[in-house]
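Chemist: Structure supplied as start.txt; contents: compact mmCIF, C-alpha atoms.
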```txt
# COMPACT_ATOMS: atom_id res chain seq x y z
CA MET A 7 -1.15 28.99 -8.46
CA GLN A 8 -1.15 25.20 -8.25
CA ASP A 9 -0.74 23.68 -4.79
CA ILE A 10 2.45 21.71 -4.21
CA LYS A 11 1.71 18.06 -3.52
CA LYS A 12 2.60 16.76 -0.08
CA PHE A 13 3.94 13.32 0.78
CA TRP A 14 4.08 11.01 3.79
CA LEU A 15 7.34 9.07 4.16
CA GLU A 16 7.81 6.58 6.98
CA LYS A 17 9.63 3.31 7.69
CA PHE A 18 7.61 0.26 8.67
CA ASP A 19 8.31 -3.32 9.65
CA CYS A 20 7.54 -5.84 6.92
CA PHE A 21 7.74 -9.59 6.35
CA SER A 22 7.14 -11.86 3.37
CA VAL A 23 4.63 -14.70 3.14
CA THR A 24 5.45 -17.31 0.48
CA GLY A 25 3.96 -20.62 -0.63
CA LYS A 26 0.91 -21.72 -2.62
CA ASP A 27 -1.35 -21.34 0.43
CA ALA A 28 -0.16 -17.80 1.28
CA LYS A 29 -3.29 -15.96 0.11
CA LYS A 30 -5.65 -18.47 1.71
CA PHE A 31 -3.69 -18.26 4.95
CA LEU A 32 -3.82 -14.46 5.17
CA ASN A 33 -7.46 -14.43 4.06
CA GLY A 34 -8.40 -16.50 7.12
CA ILE A 35 -6.65 -14.15 9.52
CA THR A 36 -7.36 -10.65 8.24
CA THR A 37 -10.57 -8.72 7.58
CA SER A 38 -10.24 -7.94 3.85
CA ASN A 39 -10.80 -10.31 0.95
CA ILE A 40 -7.29 -11.35 -0.04
CA LEU A 41 -8.40 -14.11 -2.42
CA ASN A 42 -10.56 -12.07 -4.78
CA SER A 43 -9.12 -8.58 -4.52
CA GLU A 44 -7.76 -7.01 -7.69
CA ASN A 45 -5.76 -4.44 -5.73
CA LYS A 46 -1.99 -4.67 -5.66
CA VAL A 47 -1.96 -3.20 -2.14
CA ILE A 48 -4.69 -4.38 0.25
CA LYS A 49 -5.38 -2.50 3.47
CA THR A 50 -6.74 -4.74 6.20
CA CYS A 51 -6.98 -5.39 9.94
CA TRP A 52 -5.85 -8.15 12.27
CA LEU A 53 -8.29 -8.70 15.14
CA THR A 54 -8.58 -10.70 18.32
CA PRO A 55 -11.21 -13.48 18.34
CA ASN A 56 -13.47 -10.95 20.12
CA GLY A 57 -13.11 -8.40 17.32
CA VAL A 58 -10.68 -6.01 19.01
CA LEU A 59 -8.19 -4.34 16.65
CA ARG A 60 -4.64 -5.63 17.17
CA ALA A 61 -2.94 -4.33 14.04
CA LEU A 62 -3.51 -2.28 10.91
CA ILE A 63 -1.61 -3.72 7.97
CA GLU A 64 -1.12 -3.49 4.21
CA ILE A 65 -0.56 -6.56 2.05
CA ILE A 66 1.44 -6.11 -1.15
CA VAL A 67 0.44 -8.70 -3.74
CA LEU A 68 3.50 -9.71 -5.78
CA GLU A 69 3.91 -12.39 -8.41
CA ARG A 70 5.66 -14.93 -6.18
CA ASN A 71 4.82 -13.81 -2.66
CA LEU A 72 2.87 -11.46 -0.42
CA GLU A 73 4.52 -8.80 1.71
CA VAL A 74 2.87 -7.71 4.95
CA ILE A 75 3.50 -4.09 6.02
CA ILE A 76 2.79 -3.40 9.70
CA LEU A 77 1.38 0.13 9.67
CA LEU A 78 0.31 -0.13 13.32
CA GLY A 79 1.04 -3.06 15.57
CA ASN A 80 3.76 -5.22 17.08
CA SER A 81 5.52 -7.04 14.24
CA HIS A 82 7.06 -9.71 16.50
CA GLU A 83 3.68 -10.48 18.08
CA ILE A 84 2.11 -10.77 14.64
CA ILE A 85 4.82 -13.03 13.20
CA ASP A 86 4.84 -15.23 16.31
CA TYR A 87 1.07 -15.67 16.16
CA PHE A 88 1.05 -16.34 12.41
CA ASN A 89 3.76 -18.97 12.80
CA GLN A 90 1.82 -20.68 15.61
CA ILE A 91 -1.28 -21.24 13.47
CA ILE A 92 0.46 -22.57 10.34
CA PHE A 93 -0.53 -26.23 10.06
CA PRO A 94 2.08 -28.79 8.95
CA ALA A 95 0.08 -29.37 5.76
CA ASP A 96 0.05 -25.63 4.89
CA ASP A 97 2.46 -24.49 2.17
CA VAL A 98 3.20 -21.20 3.93
CA LEU A 99 6.52 -19.70 4.99
CA LEU A 100 7.12 -16.41 6.81
CA SER A 101 10.35 -14.45 6.48
CA GLU A 102 12.20 -12.58 9.18
CA PRO A 103 11.03 -8.95 9.53
CA PHE A 104 12.78 -6.19 7.61
CA LEU A 105 12.25 -2.45 7.18
CA VAL A 106 10.55 -0.89 4.18
CA ASN A 107 10.27 2.78 3.18
CA ARG A 108 6.67 3.71 2.41
CA ILE A 109 5.82 6.89 0.45
CA GLN A 110 2.32 8.18 -0.19
CA GLU A 111 0.77 11.37 -1.53
CA ILE A 112 -1.60 13.00 0.97
CA ASP A 113 -3.91 15.99 1.33
CA GLU A 114 -6.32 17.45 3.87
CA PHE A 115 -9.53 16.66 1.99
CA ASN A 116 -9.29 12.95 1.23
CA SER A 117 -8.83 9.88 3.39
CA TRP A 118 -5.32 8.52 3.78
CA ARG A 119 -6.66 5.40 2.04
CA THR A 120 -7.24 7.34 -1.22
CA TYR A 121 -3.74 7.46 -2.68
CA PRO A 122 -1.69 4.33 -3.48
CA PRO A 123 1.63 3.97 -1.62
CA ILE A 124 5.05 3.31 -3.15
CA PHE A 125 7.61 1.10 -1.41
CA PHE A 126 11.40 1.02 -1.34
CA LYS A 127 13.10 -1.80 0.54
CA ARG A 128 16.48 -0.12 0.83
CA GLU A 129 17.76 3.41 1.15
CA ASP A 130 19.70 3.07 -2.08
CA LYS A 131 20.55 5.67 -4.69
CA GLU A 132 17.20 5.22 -6.47
CA PHE A 133 15.30 5.85 -3.23
CA GLU A 134 17.36 8.96 -2.38
CA ILE A 135 16.79 10.45 -5.84
CA TYR A 136 13.04 9.80 -5.65
CA LYS A 137 12.73 11.06 -2.07
CA ASN A 138 14.60 14.29 -2.74
CA LYS A 139 12.11 15.28 -5.43
CA LEU A 140 9.18 15.20 -3.03
CA ASN A 141 7.69 17.72 -0.62
CA LEU A 142 7.80 15.55 2.50
CA LEU A 143 5.92 16.43 5.68
CA ASN A 144 8.21 17.04 8.64
CA PRO A 145 7.61 14.86 11.75
CA ASN A 146 5.43 17.41 13.57
CA ASP A 147 3.26 18.16 10.53
CA LEU A 148 2.93 14.42 9.94
CA LYS A 149 1.72 13.85 13.50
CA LEU A 150 -0.87 16.61 13.10
CA TRP A 151 -2.01 15.29 9.72
CA LYS A 152 -2.46 11.80 11.18
CA ILE A 153 -4.64 13.22 13.95
CA ASN A 154 -6.71 15.16 11.41
CA GLN A 155 -7.13 11.86 9.54
CA ALA A 156 -8.13 10.07 12.78
CA ILE A 157 -5.42 7.48 12.13
CA PRO A 158 -5.25 5.42 15.33
CA SER A 159 -1.96 4.94 17.16
CA PHE A 160 -0.62 1.69 18.55
CA GLU A 161 -1.14 1.44 22.33
CA MET A 162 -3.26 4.62 22.23
CA GLU A 163 -6.40 4.02 20.19
CA ILE A 164 -5.23 0.47 19.40
CA ASN A 165 -5.22 -0.44 23.08
CA GLY A 166 -6.72 -3.91 23.35
CA LYS A 167 -10.25 -2.51 23.80
CA ASN A 168 -11.43 -0.78 20.61
CA ASN A 169 -12.77 -2.53 17.54
CA PRO A 170 -12.15 -1.31 13.94
CA LEU A 171 -15.76 -0.14 13.47
CA GLU A 172 -15.41 2.19 16.46
CA LEU A 173 -12.18 3.48 14.92
CA GLY A 174 -13.86 4.32 11.62
CA LEU A 175 -12.24 1.50 9.63
CA GLN A 176 -15.39 -0.22 8.36
CA ASP A 177 -14.19 -0.10 4.74
CA LEU A 178 -11.29 -2.42 5.65
CA ILE A 179 -13.69 -5.22 6.59
CA ASP A 180 -15.29 -7.58 4.09
CA PHE A 181 -18.59 -8.70 5.65
CA ASP A 182 -19.32 -11.15 2.82
CA LYS A 183 -16.18 -13.29 2.73
CA GLY A 184 -15.63 -16.52 4.65
CA CYS A 185 -14.45 -16.99 8.19
CA TYR A 186 -11.68 -14.87 9.68
CA LEU A 187 -10.50 -14.01 13.16
CA GLY A 188 -13.13 -11.84 14.88
CA GLN A 189 -15.75 -12.26 12.12
CA GLU A 190 -18.62 -13.23 14.42
CA THR A 191 -18.24 -10.08 16.52
CA MET A 192 -17.92 -7.82 13.46
CA SER A 193 -21.08 -9.27 11.90
CA LYS A 194 -23.00 -8.92 15.15
CA ILE A 195 -22.04 -5.26 15.57
CA LYS A 196 -22.89 -4.43 11.96
CA ASN A 197 -26.21 -6.26 11.96
CA VAL A 198 -27.53 -4.71 15.17
CA SER A 199 -25.73 -1.34 14.90
CA SER A 200 -24.45 -1.77 18.43
CA LEU A 201 -21.44 0.54 18.39
CA LYS A 202 -20.95 1.97 21.87
CA GLN A 203 -18.44 4.65 20.87
CA GLU A 204 -16.83 6.35 17.87
CA ILE A 205 -13.47 7.99 17.28
CA ARG A 206 -13.42 11.78 16.96
CA ILE A 207 -10.86 14.53 16.46
CA TRP A 208 -10.82 17.15 19.20
CA LYS A 209 -9.30 20.62 19.45
CA SER A 210 -8.72 22.64 22.61
CA PHE A 211 -9.50 26.34 22.95
CA GLU A 212 -7.41 26.78 26.10
CA SER A 213 -3.98 28.42 26.33
CA ASN A 214 -3.42 27.01 29.82
CA PHE A 215 -3.53 23.27 30.37
CA ASN A 216 -2.29 20.84 32.98
CA LEU A 217 -0.65 17.66 31.72
CA ASP A 218 -0.13 16.49 35.31
CA VAL A 219 -3.84 15.78 35.63
CA GLU A 220 -4.48 12.06 35.15
CA ASP A 221 -8.18 12.40 34.30
CA LYS A 222 -8.44 11.55 30.58
CA ASN A 223 -12.25 11.63 30.61
CA LEU A 224 -14.35 14.05 28.59
CA TYR A 225 -17.46 15.52 30.19
CA ILE A 226 -20.66 17.23 29.09
CA ASP A 227 -19.49 20.39 30.84
CA SER A 228 -17.17 21.67 33.57
CA THR A 229 -19.36 20.24 36.36
CA LYS A 230 -17.96 16.83 35.36
CA ASP A 231 -21.24 15.13 36.26
CA ILE A 232 -21.51 13.11 33.04
CA SER A 233 -18.58 11.44 31.26
CA VAL A 234 -19.06 11.31 27.48
CA GLY A 235 -15.83 9.62 26.48
CA LYS A 236 -12.08 9.51 26.92
CA ILE A 237 -9.07 11.24 25.37
CA THR A 238 -6.78 8.66 23.80
CA SER A 239 -4.00 10.81 22.33
CA PHE A 240 -2.97 14.42 21.80
CA PHE A 241 -0.42 16.59 20.02
CA ILE A 242 0.67 20.08 21.11
CA SER A 243 2.15 22.46 18.54
CA ASP A 244 2.96 26.16 18.69
CA SER A 245 -0.41 27.07 17.22
CA GLN A 246 -2.88 24.44 18.45
CA ILE A 247 -3.69 21.47 20.65
CA LYS A 248 -5.39 18.55 18.94
CA GLY A 249 -5.97 14.91 19.60
CA LEU A 250 -8.20 11.88 19.28
CA ALA A 251 -10.89 10.66 21.64
CA MET A 252 -13.38 7.83 21.87
CA ILE A 253 -16.83 9.37 22.38
CA LYS A 254 -19.82 7.40 23.68
CA ARG A 255 -22.29 7.21 20.85
CA LYS A 256 -25.32 8.25 22.88
CA TYR A 257 -23.73 11.64 23.56
CA LEU A 258 -22.71 12.48 19.99
CA GLU A 259 -25.99 14.33 19.48
CA GLU A 260 -25.52 16.40 22.65
CA GLY A 261 -23.36 18.92 20.80
CA SER A 262 -19.82 19.35 19.54
CA TYR A 263 -18.40 21.00 22.68
CA PHE A 264 -17.20 19.06 25.71
CA PHE A 265 -14.93 19.61 28.71
CA SER A 266 -11.57 18.09 29.64
CA GLU A 267 -9.94 18.46 33.05
CA ILE A 268 -6.60 18.70 31.23
CA PHE A 269 -7.41 20.79 28.15
CA GLY A 270 -10.55 22.70 29.17
CA LYS A 271 -13.24 23.41 26.59
CA ILE A 272 -12.84 21.37 23.41
CA ILE A 273 -14.66 20.93 20.13
CA ILE A 274 -15.03 17.54 18.43
CA ASN A 275 -15.32 16.77 14.73
CA LYS A 276 -15.48 13.82 12.38
CA SER A 277 -12.68 13.13 9.91
CA VAL A 278 -12.44 12.25 6.23
CA GLY A 279 -10.26 9.38 7.44
CA SER A 280 -13.13 7.76 9.38
CA ILE A 281 -16.10 5.86 7.96
CA PHE A 282 -18.91 4.99 10.36
CA LEU A 283 -21.93 2.70 10.23
```
How does the structure come out when it is put into structure tokens?
Modeler:
Amino acid sequence: MQDIKKFWLEKFDCFSVTGKDAKKFLNGITTSNILNSENKVIKTCWLTPNGVLRALIEIIVLERNLEVIILLGNSHEIIDYFNQIIFPADDVLLSEPFLVNRIQEIDEFNSWRTYPPIFFKREDKEFEIYKNKLNLLNPNDLKLWKINQAIPSFEMEINGKNNPLELGLQDLIDFDKGCYLGQETMSKIKNVSSLKQEIRIWKSFESNFNLDVEDKNLYIDSTKDISVGKITSFFISDSQIKGLAMIKRKYLEEGSYFFSEIFGKIIINKSVGSIFL
């Protein structure tokens, strides 16, 4: 019996970038090669000057303009910053933000970056007909799938501290293109392999847990003598407790089992959604 395909549907903020300098402008801000890419949808990152991930975005390349989809990030912060760095001589214009419906096929065995997304700007008749034909994940199953994919969350894993290499997003960075925001830090980390931590999926084996505990650290064992990382997010369903954590790289060889004051004994695993150095 053939498996029924599953789909991810979600609304995201979007804005248009128009003008003859639009590609050059976005190429100097984001981590992917916008100028030479043959892809119609480009996944990329927006970083701080120090290489910290601020937003995860997709850029739709259209005939007359580019559309920027904010998968994770603050759209108003992004638009404000972009507007501030447009020079008077630049032929670049940003639109006001609007919502877009994004649909993508997904599975448990491939990265979320494998399948191309489809976009609908309005919830019109065409969108409703298309949507109703699909097997869409419900909100809880979508949250669990995103954790299994190690997709970072805004203000959780994207917290003003973590860089995209630590979050397993190395394939969204072009190390050969010209200057962009955060390039120097990205090149330094790649060249000296100096990652301090990596994102991991974790799963709890405990039936009793205490969410009132504020200690988000993970430890080698229940003695709590050595901290190996920190829980960044979690999801509790009827059948399991899972989440994401940033694990210090030097402890990744210590084993796959650690201890949380909140969730007890946990196991950690890599994800098909993460690519590491």
Chemist: For atom CA of Phe125 of chain A and atom CA of Val106 of chain A, quote the distance in Å rounded to one decimal.
Modeler: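 Value for the atom CA of Phe125 of chain A-atom CA of Val106 of chain A distance: 6.6 Å.
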Chemist: Quick one: everything within 8 Å of segment 244-250 of chain A, counting only C-alpha atoms, minus sequence neighbours fewer than 3 positions away in the same chain. Send it as a list in words.
Modeler: Leu150, Ile153, Ala156, Ile205, Arg206, Ile207, Trp208, Lys209, Ser210, Phe211, Ile237, Thr238, Ser239, Phe240 and Phe241 of chain A
Chemist: For a quick check of understanding, using all atoms listed in the file, which of A:Glu172, A:Asp177, A:Asp221, A:Glu161 has the smallest distance to Thr37 of chain A?
Modeler: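 That would be A:Asp177, the residue with the smallest distance to Thr37 of chain A.
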Chemist: For Trp151 of chain A, which residue out of A:Ile75, A:Ile112, A:Leu15, A:Leu99 is the nearest one, using all atoms listed in the file?
Modeler: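 Among the listed residues, the smallest separation from Trp151 of chain A belongs to A:Ile112.
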Chemist: May I ask for the distance between atom CA of Ser43 of chain A and atom CA of Leu62 of chain A, given in Å to one decimal place?
Modeler: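 Answer for the atom CA of Ser43 of chain A to atom CA of Leu62 of chain A separation: 17.6 Å.
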Chemist: In Å, how far is it from atom CA of Gly79 of chain A to atom CA of Phe282 of chain A?
Modeler: 22.1 Å
Chemist: Skipping near chain neighbours, those fewer than 6 positions away, what residues fall within 8 Å of Ile66 of chain A using only C-alpha atoms, listed as JSON, numbers by chain?
Modeler: {"A": [46, 47, 48, 72, 73, 74, 75]}
Chemist: Hey, which of A:Lys12, A:Arg119, A:Lys256, A:Lys139 ends up closest to Gly279 of chain A? Count only C-alpha atoms.
Modeler: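 The shortest atom-to-atom distance to Gly279 of chain A comes from A:Arg119.
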Chemist: Using the file's own x, y and z axes, so that the box edges lie along x, y and z, what centre and edge lengths in Å (one decimal) does a box around every listed atom of segment 10-13 of chain A get when 5 Å is added on each side? Give it as AutoDock Vina command-line options.
Modeler:
```
--center_x 2.8 --center_y 17.5 --center_z -1.7 --size_x 12.2 --size_y 18.4 --size_z 15.0
```
Chemist: Neighbouring residues of Arg70 of chain A were defined as those with any atom within 10 Å, considering all atoms listed in the file; residues of the same chain fewer than 6 positions away were excluded. Please report them as a list in words.
Modeler: Val23, Thr24, Gly25, Lys26 and Ala28 of chain A
Chemist: Might you pull out every residue within 12 Å of Phe126 of chain A, with all atoms listed in the file counted and same-chain residues fewer than 2 positions away left off, and present them as JSON, numbers by chain?
Modeler: {"A": [15, 16, 17, 18, 20, 75, 104, 105, 106, 107, 108, 109, 110, 123, 124, 128, 129, 130, 131, 132, 133, 134, 135, 136, 137]}
Chemist: Excluding same-chain residues fewer than 3 positions from Asn165 of chain A, what lies within 12 Å of it counting only C-alpha atoms, as number ranges by chain?
Modeler: A: 53-54, 58-61, 78-80, 158-162, 168-170, 173, 238-239, 252
Chemist: Determine the nearest neighbour of Pro94 of chain A from the options A:Leu175, A:Ile226, A:Asp27, A:Cys185, counting all atoms listed in the file.
Modeler: A:Asp27
